[in-house]
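Q: Below is the file query_19.txt, with compact mmCIF, C-alpha atoms.
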# COMPACT_ATOMS: atom_id res chain seq x y z
CA MET A 1 -63.28 -36.89 -90.08
CA SER A 2 -65.81 -36.61 -92.87
CA VAL A 3 -65.70 -39.23 -95.63
CA LYS A 4 -67.46 -39.28 -99.01
CA THR A 5 -66.94 -42.61 -100.70
CA ALA A 6 -67.30 -42.97 -104.47
CA ALA A 7 -69.98 -45.25 -105.91
CA THR A 8 -67.61 -47.19 -108.14
CA ASP A 9 -68.72 -49.47 -111.00
CA HIS A 10 -65.71 -51.78 -110.51
CA PRO A 11 -63.73 -52.53 -107.35
CA VAL A 12 -60.88 -50.18 -106.51
CA ASN A 13 -58.60 -49.75 -103.54
CA PRO A 14 -60.37 -48.00 -100.63
CA LEU A 15 -57.79 -45.20 -100.77
CA ILE A 16 -58.96 -44.40 -104.31
CA ALA A 17 -62.65 -44.69 -103.49
CA SER A 18 -62.55 -42.58 -100.34
CA ARG A 19 -60.38 -39.71 -101.61
CA PHE A 20 -62.39 -36.55 -102.10
CA SER A 21 -61.88 -32.78 -102.16
CA PRO A 22 -63.72 -31.21 -99.22
CA TYR A 23 -64.84 -27.60 -98.92
CA ALA A 24 -65.05 -27.90 -95.13
CA PHE A 25 -61.96 -28.35 -92.95
CA ALA A 26 -61.80 -29.06 -89.23
CA ASP A 27 -59.98 -26.71 -86.86
CA ARG A 28 -57.12 -29.14 -86.34
CA ASP A 29 -53.48 -28.84 -87.35
CA VAL A 30 -51.62 -31.42 -89.45
CA PRO A 31 -48.61 -32.75 -87.50
CA VAL A 32 -45.31 -32.04 -89.21
CA ASP A 33 -44.44 -35.76 -89.42
CA GLU A 34 -47.60 -36.26 -91.45
CA LEU A 35 -46.63 -33.42 -93.79
CA ARG A 36 -43.22 -35.01 -94.33
CA SER A 37 -44.88 -38.25 -95.37
CA LEU A 38 -47.24 -36.46 -97.76
CA PHE A 39 -44.40 -34.79 -99.63
CA GLU A 40 -42.30 -37.96 -99.43
CA ALA A 41 -45.10 -39.69 -101.32
CA ALA A 42 -45.02 -36.94 -103.98
CA ARG A 43 -41.27 -37.43 -104.18
CA TRP A 44 -41.62 -41.00 -105.41
CA ALA A 45 -43.92 -40.25 -108.32
CA PRO A 46 -42.63 -41.33 -111.72
CA SER A 47 -41.52 -38.62 -114.15
CA SER A 48 -40.25 -38.32 -117.67
CA TYR A 49 -36.45 -38.87 -117.60
CA ASN A 50 -36.81 -38.90 -113.80
CA GLU A 51 -36.71 -35.09 -114.03
CA GLN A 52 -38.99 -34.69 -110.98
CA PRO A 53 -40.23 -31.34 -112.31
CA TRP A 54 -42.53 -30.67 -109.36
CA SER A 55 -41.98 -28.42 -106.38
CA TYR A 56 -44.23 -27.03 -103.67
CA VAL A 57 -44.35 -23.81 -101.69
CA ILE A 58 -45.97 -24.57 -98.33
CA ALA A 59 -47.34 -22.49 -95.48
CA THR A 60 -48.96 -23.65 -92.26
CA ARG A 61 -51.36 -21.71 -90.08
CA ALA A 62 -48.77 -21.67 -87.31
CA ASP A 63 -46.91 -18.97 -89.25
CA THR A 64 -49.63 -16.37 -89.78
CA THR A 65 -47.63 -14.12 -92.09
CA ALA A 66 -46.57 -16.96 -94.37
CA TYR A 67 -50.09 -18.39 -94.35
CA GLU A 68 -51.78 -15.10 -95.26
CA ARG A 69 -49.23 -14.56 -98.00
CA LEU A 70 -49.98 -17.92 -99.56
CA LEU A 71 -53.72 -17.46 -99.12
CA SER A 72 -53.43 -14.22 -101.13
CA VAL A 73 -52.24 -16.21 -104.14
CA LEU A 74 -55.59 -18.05 -104.35
CA VAL A 75 -58.44 -16.41 -106.25
CA GLU A 76 -60.96 -14.90 -103.83
CA PRO A 77 -63.70 -17.51 -104.22
CA ASN A 78 -61.17 -20.17 -103.22
CA GLN A 79 -59.91 -18.13 -100.28
CA ALA A 80 -63.43 -18.23 -98.83
CA TRP A 81 -63.26 -21.96 -98.04
CA ALA A 82 -59.50 -22.68 -98.23
CA LYS A 83 -58.76 -20.31 -95.34
CA ALA A 84 -60.13 -22.98 -92.99
CA ALA A 85 -57.41 -25.46 -94.04
CA PRO A 86 -54.42 -25.54 -91.67
CA VAL A 87 -51.94 -26.05 -94.52
CA LEU A 88 -51.80 -24.36 -97.92
CA ALA A 89 -49.44 -25.15 -100.76
CA LEU A 90 -48.72 -24.18 -104.34
CA GLY A 91 -47.88 -26.82 -106.91
CA VAL A 92 -45.11 -25.60 -109.20
CA ALA A 93 -43.91 -27.26 -112.40
CA ARG A 94 -40.47 -26.74 -113.89
CA THR A 95 -41.40 -26.61 -117.56
CA ARG A 96 -37.79 -26.67 -118.84
CA PHE A 97 -35.30 -29.46 -118.26
CA VAL A 98 -32.51 -28.76 -115.77
CA ARG A 99 -29.85 -30.28 -118.01
CA ASN A 100 -30.50 -28.42 -121.28
CA ASP A 101 -33.23 -25.80 -120.67
CA LYS A 102 -35.40 -27.42 -123.37
CA PRO A 103 -39.20 -27.56 -122.86
CA ASN A 104 -40.39 -30.55 -120.83
CA ALA A 105 -43.69 -31.64 -122.43
CA ALA A 106 -44.41 -33.86 -119.43
CA ALA A 107 -43.87 -31.22 -116.73
CA LEU A 108 -47.52 -30.44 -115.93
CA HIS A 109 -48.48 -34.10 -116.29
CA ASP A 110 -45.79 -35.11 -113.84
CA LEU A 111 -46.79 -32.42 -111.32
CA GLY A 112 -50.28 -33.94 -111.53
CA ALA A 113 -48.86 -37.37 -110.78
CA ALA A 114 -46.82 -36.11 -107.82
CA SER A 115 -49.83 -34.32 -106.35
CA ALA A 116 -51.93 -37.46 -106.84
CA HIS A 117 -49.30 -39.39 -104.85
CA LEU A 118 -49.56 -36.76 -102.14
CA CYS A 119 -53.35 -37.20 -102.10
CA PHE A 120 -53.11 -41.02 -101.76
CA GLU A 121 -50.76 -40.69 -98.83
CA ALA A 122 -53.04 -38.09 -97.29
CA THR A 123 -56.09 -40.35 -97.67
CA ALA A 124 -54.17 -43.19 -96.02
CA ARG A 125 -53.58 -40.89 -93.05
CA GLY A 126 -57.13 -39.56 -92.80
CA ILE A 127 -56.02 -36.22 -94.25
CA ALA A 128 -57.90 -34.50 -97.06
CA VAL A 129 -56.51 -32.41 -99.92
CA HIS A 130 -58.49 -30.07 -102.13
CA GLN A 131 -56.58 -28.93 -105.17
CA MET A 132 -57.54 -25.88 -107.19
CA ILE A 133 -56.50 -24.33 -110.48
CA GLY A 134 -57.90 -21.00 -109.31
CA ILE A 135 -54.69 -19.27 -108.27
CA LEU A 136 -52.88 -16.11 -109.39
CA PRO A 137 -49.71 -17.44 -111.09
CA ASP A 138 -48.23 -13.97 -111.69
CA ARG A 139 -48.65 -13.03 -108.06
CA ALA A 140 -47.07 -16.36 -107.07
CA ARG A 141 -44.11 -15.66 -109.35
CA GLU A 142 -43.60 -12.24 -107.83
CA LEU A 143 -44.10 -13.17 -104.18
CA TYR A 144 -42.00 -16.34 -104.24
CA GLU A 145 -39.52 -15.27 -106.94
CA ILE A 146 -40.38 -18.25 -109.10
CA PRO A 147 -37.87 -18.39 -111.99
CA ASP A 148 -38.96 -18.28 -115.64
CA HIS A 149 -38.20 -22.00 -116.03
CA SER A 150 -41.07 -22.84 -113.67
CA GLU A 151 -44.72 -21.95 -113.17
CA ALA A 152 -47.18 -22.20 -110.30
CA LEU A 153 -50.19 -24.14 -111.55
CA THR A 154 -52.21 -25.35 -108.58
CA GLY A 155 -53.18 -24.51 -105.04
CA LEU A 156 -53.58 -27.27 -102.44
CA ALA A 157 -55.62 -26.96 -99.25
CA ILE A 158 -54.57 -29.67 -96.80
CA GLY A 159 -56.23 -30.64 -93.52
CA TYR A 160 -58.90 -32.81 -91.94
CA ALA A 161 -62.29 -32.83 -93.64
CA ALA A 162 -65.19 -31.50 -91.58
CA PRO A 163 -68.87 -32.27 -92.20
CA PRO A 164 -70.24 -30.38 -95.24
CA ALA A 165 -72.50 -28.33 -92.97
CA GLU A 166 -69.35 -26.52 -91.84
CA ALA A 167 -68.45 -25.37 -95.35
CA PRO A 168 -69.20 -21.71 -96.13
CA ASP A 169 -71.99 -20.90 -98.60
CA PRO A 170 -72.27 -21.62 -101.50
CA TYR A 171 -69.81 -24.51 -101.12
CA ARG A 172 -71.88 -26.48 -98.64
CA GLN A 173 -74.12 -27.77 -101.45
CA ARG A 174 -71.14 -28.96 -103.47
CA ASP A 175 -69.70 -30.71 -100.47
CA GLU A 176 -73.01 -32.44 -99.83
CA ALA A 177 -73.49 -33.56 -103.44
CA ALA A 178 -72.56 -37.10 -104.47
CA ARG A 179 -69.33 -37.53 -106.42
CA GLU A 180 -69.98 -38.06 -110.13
CA ARG A 181 -67.90 -39.29 -113.03
CA LYS A 182 -68.34 -40.27 -116.68
CA PRO A 183 -68.68 -44.03 -117.22
CA LEU A 184 -65.63 -45.97 -118.45
CA SER A 185 -67.18 -46.31 -121.91
CA GLU A 186 -66.79 -42.56 -122.45
CA PHE A 187 -63.02 -42.43 -121.97
CA VAL A 188 -61.67 -45.97 -122.51
CA PHE A 189 -61.28 -46.37 -126.26
CA SER A 190 -60.22 -49.05 -128.73
CA ASP A 191 -59.58 -48.67 -132.47
CA ARG A 192 -60.62 -45.03 -132.68
CA TYR A 193 -60.91 -42.05 -130.33
CA GLY A 194 -64.51 -42.10 -129.08
CA ASN A 195 -65.11 -45.81 -129.72
CA ALA A 196 -65.58 -47.56 -126.39
CA ASN A 197 -63.25 -50.46 -125.75
CA PRO A 198 -65.30 -53.71 -125.48
CA PHE A 199 -64.11 -54.26 -121.92
CA ALA A 200 -65.36 -50.85 -120.75
CA MET B 1 -43.56 -60.63 -109.81
CA SER B 2 -40.53 -58.43 -109.49
CA VAL B 3 -40.59 -55.64 -106.91
CA LYS B 4 -38.25 -52.69 -106.43
CA THR B 5 -39.06 -50.85 -103.23
CA ALA B 6 -38.03 -47.24 -102.75
CA ALA B 7 -35.62 -46.31 -99.95
CA THR B 8 -37.83 -43.61 -98.48
CA ASP B 9 -36.65 -40.99 -95.98
CA HIS B 10 -40.10 -40.80 -94.34
CA PRO B 11 -42.77 -43.48 -94.03
CA VAL B 12 -45.21 -43.78 -96.93
CA ASN B 13 -47.92 -46.24 -97.86
CA PRO B 14 -46.42 -49.49 -99.24
CA LEU B 15 -48.31 -48.96 -102.50
CA ILE B 16 -46.37 -45.73 -103.02
CA ALA B 17 -43.03 -47.23 -102.01
CA SER B 18 -43.31 -50.34 -104.16
CA ARG B 19 -44.57 -48.71 -107.39
CA PHE B 20 -41.91 -48.73 -110.07
CA SER B 21 -41.64 -48.64 -113.86
CA PRO B 22 -40.15 -51.93 -115.07
CA TYR B 23 -38.42 -52.52 -118.40
CA ALA B 24 -39.03 -56.27 -118.14
CA PHE B 25 -42.53 -57.78 -118.36
CA ALA B 26 -43.56 -61.38 -117.76
CA ASP B 27 -45.32 -63.39 -120.48
CA ARG B 28 -48.64 -63.25 -118.68
CA ASP B 29 -51.88 -61.56 -119.68
CA VAL B 30 -53.74 -59.08 -117.50
CA PRO B 31 -57.30 -60.35 -116.81
CA VAL B 32 -59.97 -58.03 -118.14
CA ASP B 33 -61.51 -57.57 -114.67
CA GLU B 34 -58.19 -56.20 -113.51
CA LEU B 35 -58.09 -53.78 -116.43
CA ARG B 36 -61.55 -52.53 -115.56
CA SER B 37 -60.42 -51.76 -112.02
CA LEU B 38 -57.30 -49.95 -113.28
CA PHE B 39 -59.32 -47.57 -115.44
CA GLU B 40 -62.00 -47.29 -112.77
CA ALA B 41 -59.28 -45.95 -110.49
CA ALA B 42 -58.28 -43.40 -113.16
CA ARG B 43 -61.94 -42.45 -113.42
CA TRP B 44 -62.07 -41.23 -109.81
CA ALA B 45 -59.13 -38.86 -110.04
CA PRO B 46 -59.88 -35.25 -109.18
CA SER B 47 -59.93 -32.70 -111.99
CA SER B 48 -60.39 -29.00 -112.49
CA TYR B 49 -64.15 -28.29 -112.70
CA ASN B 50 -64.60 -32.09 -112.68
CA GLU B 51 -63.86 -31.94 -116.42
CA GLN B 52 -62.21 -35.40 -116.41
CA PRO B 53 -60.08 -34.41 -119.42
CA TRP B 54 -58.33 -37.78 -119.68
CA SER B 55 -59.02 -40.64 -122.05
CA TYR B 56 -57.14 -43.76 -123.00
CA VAL B 57 -56.76 -45.80 -126.17
CA ILE B 58 -56.03 -49.39 -125.17
CA ALA B 59 -54.87 -52.51 -126.99
CA THR B 60 -54.21 -55.95 -125.59
CA ARG B 61 -51.95 -58.62 -127.04
CA ALA B 62 -54.99 -60.84 -127.65
CA ASP B 63 -55.83 -58.61 -130.64
CA THR B 64 -52.59 -58.69 -132.62
CA THR B 65 -53.60 -56.07 -135.19
CA ALA B 66 -54.73 -53.57 -132.58
CA TYR B 67 -51.65 -54.26 -130.47
CA GLU B 68 -49.18 -53.77 -133.32
CA ARG B 69 -50.96 -50.60 -134.32
CA LEU B 70 -50.62 -49.13 -130.85
CA LEU B 71 -47.02 -50.33 -130.57
CA SER B 72 -46.24 -48.38 -133.76
CA VAL B 73 -47.17 -45.14 -131.99
CA LEU B 74 -44.30 -45.57 -129.50
CA VAL B 75 -40.85 -44.32 -130.50
CA GLU B 76 -38.61 -47.22 -131.53
CA PRO B 77 -36.43 -47.33 -128.42
CA ASN B 78 -39.58 -47.74 -126.33
CA GLN B 79 -40.99 -50.42 -128.65
CA ALA B 80 -37.92 -52.53 -127.86
CA TRP B 81 -39.00 -53.19 -124.27
CA ALA B 82 -42.68 -52.25 -124.32
CA LYS B 83 -43.51 -54.98 -126.82
CA ALA B 84 -43.20 -57.50 -123.99
CA ALA B 85 -46.09 -55.87 -122.09
CA PRO B 86 -49.46 -57.59 -122.65
CA VAL B 87 -51.36 -54.29 -122.60
CA LEU B 88 -50.48 -50.98 -124.22
CA ALA B 89 -52.34 -47.70 -123.86
CA LEU B 90 -52.10 -44.08 -124.89
CA GLY B 91 -52.93 -41.33 -122.42
CA VAL B 92 -54.88 -38.57 -124.14
CA ALA B 93 -55.72 -35.15 -122.69
CA ARG B 94 -58.64 -33.02 -123.85
CA THR B 95 -56.96 -29.60 -123.73
CA ARG B 96 -60.17 -27.62 -124.35
CA PHE B 97 -63.25 -27.62 -122.14
CA VAL B 98 -66.28 -29.51 -123.42
CA ARG B 99 -68.69 -26.75 -122.42
CA ASN B 100 -67.04 -23.74 -124.06
CA ASP B 101 -64.01 -24.93 -126.08
CA LYS B 102 -61.69 -22.69 -124.03
CA PRO B 103 -58.19 -23.95 -123.13
CA ASN B 104 -58.04 -26.11 -120.01
CA ALA B 105 -54.79 -25.18 -118.25
CA ALA B 106 -55.14 -28.22 -115.99
CA ALA B 107 -55.67 -30.82 -118.74
CA LEU B 108 -52.18 -32.34 -118.79
CA HIS B 109 -51.92 -32.09 -115.00
CA ASP B 110 -55.19 -33.94 -114.59
CA LEU B 111 -54.21 -36.67 -117.07
CA GLY B 112 -51.11 -37.13 -114.90
CA ALA B 113 -53.31 -37.50 -111.83
CA ALA B 114 -55.61 -40.01 -113.52
CA SER B 115 -52.66 -42.11 -114.69
CA ALA B 116 -51.17 -41.98 -111.19
CA HIS B 117 -54.48 -43.35 -109.87
CA LEU B 118 -54.24 -46.12 -112.46
CA CYS B 119 -50.68 -46.92 -111.33
CA PHE B 120 -51.72 -46.97 -107.69
CA GLU B 121 -54.54 -49.45 -108.39
CA ALA B 122 -52.16 -51.51 -110.52
CA THR B 123 -49.61 -51.70 -107.70
CA ALA B 124 -52.35 -52.85 -105.32
CA ARG B 125 -53.05 -55.71 -107.75
CA GLY B 126 -49.43 -56.69 -108.35
CA ILE B 127 -49.53 -55.14 -111.81
CA ALA B 128 -46.82 -52.80 -113.08
CA VAL B 129 -47.17 -49.79 -115.35
CA HIS B 130 -44.35 -48.06 -117.21
CA GLN B 131 -45.36 -44.72 -118.65
CA MET B 132 -43.42 -43.01 -121.41
CA ILE B 133 -43.45 -39.60 -123.06
CA GLY B 134 -41.67 -41.11 -126.08
CA ILE B 135 -44.61 -41.53 -128.43
CA LEU B 136 -45.49 -40.14 -131.86
CA PRO B 137 -48.45 -37.80 -131.17
CA ASP B 138 -49.07 -36.99 -134.84
CA ARG B 139 -49.20 -40.65 -135.74
CA ALA B 140 -51.57 -41.24 -132.83
CA ARG B 141 -53.82 -38.44 -134.04
CA GLU B 142 -53.92 -39.89 -137.54
CA LEU B 143 -54.37 -43.56 -136.59
CA TYR B 144 -56.99 -43.00 -133.91
CA GLU B 145 -58.64 -39.89 -135.40
CA ILE B 146 -57.96 -37.86 -132.27
CA PRO B 147 -59.83 -34.52 -132.58
CA ASP B 148 -58.02 -31.19 -132.40
CA HIS B 149 -59.40 -30.56 -128.90
CA SER B 150 -57.30 -33.43 -127.55
CA GLU B 151 -53.72 -34.68 -127.70
CA ALA B 152 -52.00 -37.98 -127.02
CA LEU B 153 -49.24 -37.30 -124.50
CA THR B 154 -48.14 -40.60 -122.96
CA GLY B 155 -47.74 -44.27 -123.66
CA LEU B 156 -48.43 -46.84 -120.93
CA ALA B 157 -47.06 -50.37 -120.89
CA ILE B 158 -49.09 -52.50 -118.49
CA GLY B 159 -48.36 -56.03 -117.26
CA TYR B 160 -46.55 -58.07 -114.62
CA ALA B 161 -42.96 -57.07 -113.90
CA ALA B 162 -40.33 -59.70 -114.64
CA PRO B 163 -36.82 -59.80 -113.14
CA PRO B 164 -34.54 -57.13 -114.66
CA ALA B 165 -32.41 -59.87 -116.26
CA GLU B 166 -35.28 -60.39 -118.69
CA ALA B 167 -35.22 -56.78 -119.93
CA PRO B 168 -33.61 -56.23 -123.34
CA ASP B 169 -30.29 -54.39 -123.55
CA PRO B 170 -29.59 -51.59 -122.71
CA TYR B 171 -32.59 -51.40 -120.39
CA ARG B 172 -31.50 -54.21 -118.09
CA GLN B 173 -29.05 -51.88 -116.33
CA ARG B 174 -31.73 -49.27 -115.72
CA ASP B 175 -34.06 -51.90 -114.35
CA GLU B 176 -31.36 -53.15 -111.99
CA ALA B 177 -30.41 -49.67 -110.74
CA ALA B 178 -31.81 -48.40 -107.45
CA ARG B 179 -34.59 -45.84 -107.64
CA GLU B 180 -33.35 -42.33 -106.94
CA ARG B 181 -35.00 -39.05 -106.08
CA LYS B 182 -34.03 -35.55 -104.97
CA PRO B 183 -34.36 -34.98 -101.20
CA LEU B 184 -37.42 -33.13 -99.90
CA SER B 185 -35.32 -30.05 -99.18
CA GLU B 186 -34.83 -29.54 -102.93
CA PHE B 187 -38.51 -29.24 -103.81
CA VAL B 188 -40.39 -28.39 -100.61
CA PHE B 189 -40.10 -24.61 -100.21
CA SER B 190 -41.16 -21.92 -97.75
CA ASP B 191 -40.95 -18.14 -98.19
CA ARG B 192 -39.19 -18.21 -101.55
CA TYR B 193 -38.77 -20.65 -104.46
CA GLY B 194 -35.59 -22.60 -103.70
CA ASN B 195 -35.64 -21.99 -99.95
CA ALA B 196 -36.20 -25.31 -98.20
CA ASN B 197 -39.15 -25.41 -95.82
CA PRO B 198 -37.88 -26.00 -92.26
CA PHE B 199 -39.85 -29.26 -92.01
CA ALA B 200 -38.20 -30.74 -95.13
Please rewrite the model in this file as C-alpha cells.
A:
Amino acid sequence: MSVKTAATDHPVNPLIASRFSPYAFADRDVPVDELRSLFEAARWAPSSYNEQPWSYVIATRADTTAYERLLSVLVEPNQAWAKAAPVLALGVARTRFVRNDKPNAAALHDLGAASAHLCFEATARGIAVHQMIGILPDRARELYEIPDHSEALTGLAIGYAAPPAEAPDPYRQRDEAARERKPLSEFVFSDRYGNANPFA
Amino acid sequence: MSVKTAATDHPVNPLIASRFSPYAFADRDVPVDELRSLFEAARWAPSSYNEQPWSYVIATRADTTAYERLLSVLVEPNQAWAKAAPVLALGVARTRFVRNDKPNAAALHDLGAASAHLCFEATARGIAVHQMIGILPDRARELYEIPDHSEALTGLAIGYAAPPAEAPDPYRQRDEAARERKPLSEFVFSDRYGNANPFA
C-alpha cells in the first residue's frame, strides 16, 4: 500500500492527513465486505432535509462486461489510469426532491459529502479512492437509464494504491508530487469575503 | 457531550457512525486551536483540478457584532436553535475557476466534501456540526461582499452537542428521534439506475 501523507499546518486526524487520490492501483481486488462498508459510510452522510440525494452505479473487475461499460463512461485520459482500479463507480445526484419534484439546491453538495464519507471509510481500511469530474454524463444517462431528475457527476476509481512508479505516463509525475493546498488564510474569512479570519 | 450513534447495517469507522447534527448546543466555547484543526481538515479535501473552491466566513460568540451579523444570514427557523452554537460559519463555493473564469461543475460537490472533512475532524474532537441549507444567500452576498464568482450555499453551527431536552421546540423531537437512512439497495446500483447491486 502506497501512502502520501499531507504536510498539515495544524493537527488533523490521520485519516484526513493520509487520504490521497492515487493514479497507480495495485492488482488486487477489494473484498465485497469492504465495499459494503464504504457505501455504508456514504449512507450516513448528512443531507438537506435528509433527502440522501446520492446514488452510485458500481462495477467490479470480476464482471468484465459491466466493468468495461463503466470504464467507457470516463473520458479517455481518465481511462488510461483508472482501468487499473478493481472497482469503478459513478456518483449520481438526484437534483429534484422526491416528495415534490422541486430543485434541490444542496444535491451536488450532499453527493460530495457522501463521497467524502466513502473516502474516509476507505482510508480507514487501507483502500484508496480517486474521484474525477472527467466523465461523459450523457453517455452515463443513456447506458444506465438515469432519469431526468438525476445526473451523473463524478467517477470514482477504488482500489489499493500502488507506488507512483506504477502509474502510466504522464500521471506518474503527478502521483510523485507532494500534495499542495492554499493556506487557511486564503479561505477562512471574517467580516468580509477575502479578509482572513484572525485565527487562520 | 451528547452522542447519537447510527444503527449501521455494515461496520463503519466510529467517527462516521457517531457524527450527527444536533439541535441542542452546550454553553461552551470552542477553543481556537480546535477551530484551526477543523478548517485544516477541510483544507485537505480533494477537489476537481485541485481548485479548492470552498471558503468559509466564520464568526464566534466572543465577537457579538460579528456573531449577530452571521446569525442574521440564517433563515429565522434556523436562528432559533443555531443561536446556541458558539461558532457560526457560512460555506461558500467559488463556482468559476480562478484560472479561466469558466464554470466549475464540481464546485458545490467539492464544498460538500470539504465540509464533510470538517465534520469528520469535529467528531474526532467531540465537537458537533449542524449544517443547513436554510440561509439567505443574497443577504450573505451583500453583507460579506461575496463576488459574483462565488455563492454562499450553507450555514454551519459548530459547538458541543447538549442533550436533546435542551433544544428549543419544535426541534427537541427531531433531536430525540433515531437517525434514519435508506438501505444500501436503494442507492447502490449495478447495470441500470434503480437496479440494486448484488452486493448491496
Q: Counting all atoms listed in the file, find the residues whose atoms lie at most 8 Å from (-56.0, -52.9, -105.5) (file coordinates) and write them out as an mmCIF file with C-alpha atoms, keeping the file's coordinate frame.
A:
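Below is the file selection06.cif, written as the result:
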data_model
loop_
_atom_site.group_PDB
_atom_site.id
_atom_site.type_symbol
_atom_site.label_atom_id
_atom_site.label_comp_id
_atom_site.auth_asym_id
_atom_site.auth_seq_id
_atom_site.Cartn_x
_atom_site.Cartn_y
_atom_site.Cartn_z
ATOM 1 C CA PRO A 11 -63.730 -52.530 -107.350
ATOM 2 C CA VAL A 12 -60.880 -50.180 -106.510
ATOM 3 C CA ASN A 13 -58.600 -49.750 -103.540
ATOM 4 C CA SER B 37 -60.420 -51.760 -112.020
ATOM 5 C CA PHE B 120 -51.720 -46.970 -107.690
ATOM 6 C CA GLU B 121 -54.540 -49.450 -108.390
ATOM 7 C CA ALA B 122 -52.160 -51.510 -110.520
ATOM 8 C CA THR B 123 -49.610 -51.700 -107.700
ATOM 9 C CA ALA B 124 -52.350 -52.850 -105.320
ATOM 10 C CA ARG B 125 -53.050 -55.710 -107.750
#
Q: Between A:Ala17, A:Ala177, A:Leu136, A:Ala157, single out the one closest to chain B, counting all atoms listed in the file.
A: A:Ala17
Q: Please report the interatomic distance between atom CA of Arg174 of chain B and atom CA of His149 of chain A in Å with one decimal.
A: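 Computing it gives 28.0 Å between the two atoms.
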Q: Please tell me which residues are no farther than 12 Å from (-52.3, -30.6, -131.8) in the file, counting only C-alpha atoms, and write them as a VMD selection string.
A: chain B and resid 92 to 96 136 to 142 145 to 153
Q: Could you tell me how far atom CA of Thr5 of chain B lies from atom CA of Trp44 of chain A, in Å and to one decimal?
A: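 Going from atom CA of Thr5 of chain B over to atom CA of Trp44 of chain A covers 10.4 Å.
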